[in-house]
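These notes concern the structure reproduced below.
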Amino acid sequence: MSLRAATRVTRSLSGLLPRWGHGQAPPLLFSQQRNNSTSPKIRVEFNPTSGVAVMHMQSPPVNSLSLDFLTEFCIGLEKLEMDKGCRGLIITSSQPKVFSAGLDILEMYGKSPERCGEFWKAVQEMWLKLYGSDMITIAAINGSSPAGGCLMALTCDYRIMADQPRYTIGLNETLLGIVAPFWFKDTMANTVGHRTTEMALQLGLLYDPSEALNVGLVDQLVPEDQILSAATQTMTKWLAIPDHARQITKSMMRKPTIDRLTSNREADIQNFVNFITKDSIQKSLRAYLEILKKKKT
Ligand SMILES: CCCCCCCCC/C=C/C(=O)SCCNC(=O)CCNC(=O)[C@H](O)C(C)(C)COP(=O)(O)OP(=O)(O)OC[C@H]1O[C@@H](n2cnc3c(N)ncnc32)[C@H](O)[C@@H]1OP(=O)(O)O
């Protein structure tokens, strides 16, 4: 059980002690000041009345997960996680047509081993923080969400996708000539099962929304303009569950997967650096970048 969950259990068992003592700022003001934040790539709107924050990813053109993006994202997440008034988080995109394009390919192409290692550590950090979050997390997927973007959505408790057939979602790493690491694979298998994951990962499948719903990669489809209201409605249902019971349950389901990475973090970084800096892999990434560029012409 996480420290925050343990604290909540203690609080609920000790007879609903007041949260704010004499001389402290009233909760609403305090929360408002702390957690409505805008950094260049992330905008957070926290509603202290509902206890729900909405995180808007706003890194043009495609919310790719660069080192800077991941750093801002983790700082934003950490702040919300520390705020006991924040119980739920909705993650969505401010960019048209794209939730997140996944890891920033330019962070993996032509970079030094040291920089690649630093980048990978940040990717791990994002996953650890989100997958292990005590908050209720909902991905409001209002655009395409390949690879690392799909991973980000998979770490949430619930996924709502815009019902727009041109959007796709999936772990398509093999299409780039790279390999989804074991914890990407585990996160997907925990969501859709072993067989679907095995096939999807080998083929680098990108699903349209109805296919994604069919395999259980997303939980609900809604018209794009209703995605935030649908996320808010779902959040209300989840908020009705006592936090401590839900958190312990979430931890019970996810801890073995999280422990596999936490006990192998350094080796996983080394593995990534050795893999990604290989000439053959760099060549594949260059070819993929060229395909992305040519798409436009
Ligand atoms: C053993 C195991 C060890 C470990 C082994 C290693 C494990 C690695 C795991 C990797 C996980 C990943 O996430 S790898 C990342 C996978 N991501 C992808 O395949 C997504 C590629 N992108 C797309 O499909 C599309 O861009 C999409 C997101 C649908 C949006 O399409 P659009 O038509 O709207 O936009 P585009 O015109 O394509 O893109 C706009 C610009 O953004 C750029 N762009 C797009 N995606 C980008 C990205 N991910 N990183 C950087 N830049 C990107 C394009 O090149 C364009 O640049 P300009 O031309 O300059 O404007």
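In the structure tokens, each chain is lettered A, B, ... as it comes, each chain's residues begin at 1, and ligands are numbered from 1 in order of appearance.
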Chain A residues near ligand 1 within 6 Å, closest pair each, using only C-alpha atoms and all ligand atoms, as a Markdown table:
| residue | atom | partner | partner_atom_place_in_ligand_line | distance |
| --- | --- | --- | --- | --- |
| A:Pro61 | CA | ligand 1 | 42 (O) | 5.6 |
| A:Val62 | CA | ligand 1 | 42 (O) | 5.6 |
| A:Ser64 | CA | ligand 1 | 49 (N) | 5.2 |
| A:Val98 | CA | ligand 1 | 28 (C) | 5.8 |
| A:Ala101 | CA | ligand 1 | 28 (C) | 4.1 |
| A:Gly102 | CA | ligand 1 | 13 (O) | 3.7 |
| A:Leu103 | CA | ligand 1 | 13 (O) | 3.7 |
| A:Asp104 | CA | ligand 1 | 50 (N) | 3.4 |
| A:Ile105 | CA | ligand 1 | 50 (N) | 3.9 |
| A:Leu106 | CA | ligand 1 | 51 (C) | 5.4 |
| A:Ser144 | CA | ligand 1 | 29 (C) | 5.5 |
| A:Pro146 | CA | ligand 1 | 17 (N) | 5.4 |
| A:Ala147 | CA | ligand 1 | 13 (O) | 4.0 |
| A:Gly148 | CA | ligand 1 | 13 (O) | 3.5 |
| A:Glu173 | CA | ligand 1 | 10 (C) | 5.7 |
| A:Ile178 | CA | ligand 1 | 6 (C) | 5.4 |
| A:Val179 | CA | ligand 1 | 5 (C) | 4.6 |
| A:Ala180 | CA | ligand 1 | 7 (C) | 5.0 |
| A:Pro181 | CA | ligand 1 | 2 (C) | 4.5 |
| A:Asn271 | CA | ligand 1 | 3 (C) | 5.6 |
| A:Phe272 | CA | ligand 1 | 3 (C) | 4.3 |
| A:Phe275 | CA | ligand 1 | 3 (C) | 5.6 |
| A:Leu292 | CA | ligand 1 | 55 (O) | 5.0 |
| A:Lys293 | CA | ligand 1 | 59 (O) | 4.7 |
What's the 8 Å shell around segment 211-214 of chain A, counting only C-alpha atoms, without same-chain residues fewer than 6 positions away, as a PyMOL selection string?
-> chain A and resi 169+220-221
Could the residues in this selection be saved with N, CA and C atoms as an mmCIF file, in the first residue's frame?
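Output (selection13.cif):
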data_model
loop_
_atom_site.group_PDB
_atom_site.id
_atom_site.type_symbol
_atom_site.label_atom_id
_atom_site.label_comp_id
_atom_site.auth_asym_id
_atom_site.auth_seq_id
_atom_site.Cartn_x
_atom_site.Cartn_y
_atom_site.Cartn_z
ATOM 1 N N ILE A 169 -5.042 3.916 -32.093
ATOM 2 C CA ILE A 169 -4.357 3.717 -30.809
ATOM 3 C C ILE A 169 -3.743 2.311 -30.800
ATOM 4 N N GLN A 220 -14.768 3.015 -23.525
ATOM 5 C CA GLN A 220 -15.976 3.724 -23.949
ATOM 6 C C GLN A 220 -15.645 4.626 -25.135
ATOM 7 N N LEU A 221 -16.586 4.713 -26.066
ATOM 8 C CA LEU A 221 -16.440 5.665 -27.181
ATOM 9 C C LEU A 221 -17.533 6.711 -27.064
#
Which parts of segment 35-280 of chain A does DSSP call strand (DSSP E or B) when run on the backbone here, written out as a count of residues only?
-> 43
So how far away is atom CA of Ser100 of chain A from atom CA of Ser37 of chain A, in Å?
->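 Atom-to-atom, atom CA of Ser37 of chain A to atom CA of Ser100 of chain A, that is 20.2 Å.
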Tell me which protein, DNA and RNA residues are within 9 Å of Thr277 of chain A, counting only C-alpha atoms, leaving out same-chain ones fewer than 5 positions away, and put them as an NGL selection string.
-> :A and (108-113 or 116 or 272 or 282)
Smallest atom-to-atom distance to Pro256 of chain A: which of A:Glu118, A:Asp163, A:Asp68, A:Asp186, using only C-alpha atoms?
->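 Of A:Glu118, A:Asp163, A:Asp68, A:Asp186, the one nearest Pro256 of chain A is A:Asp186, counting only C-alpha atoms.
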Helix (DSSP H, G or I) positions in segment 12-223 of chain A, given as a PyMOL selection string = chain A and resi 12-13+27-35+67-82+105-107+113-131+148-154+173-176+182-192+194-203+209-215
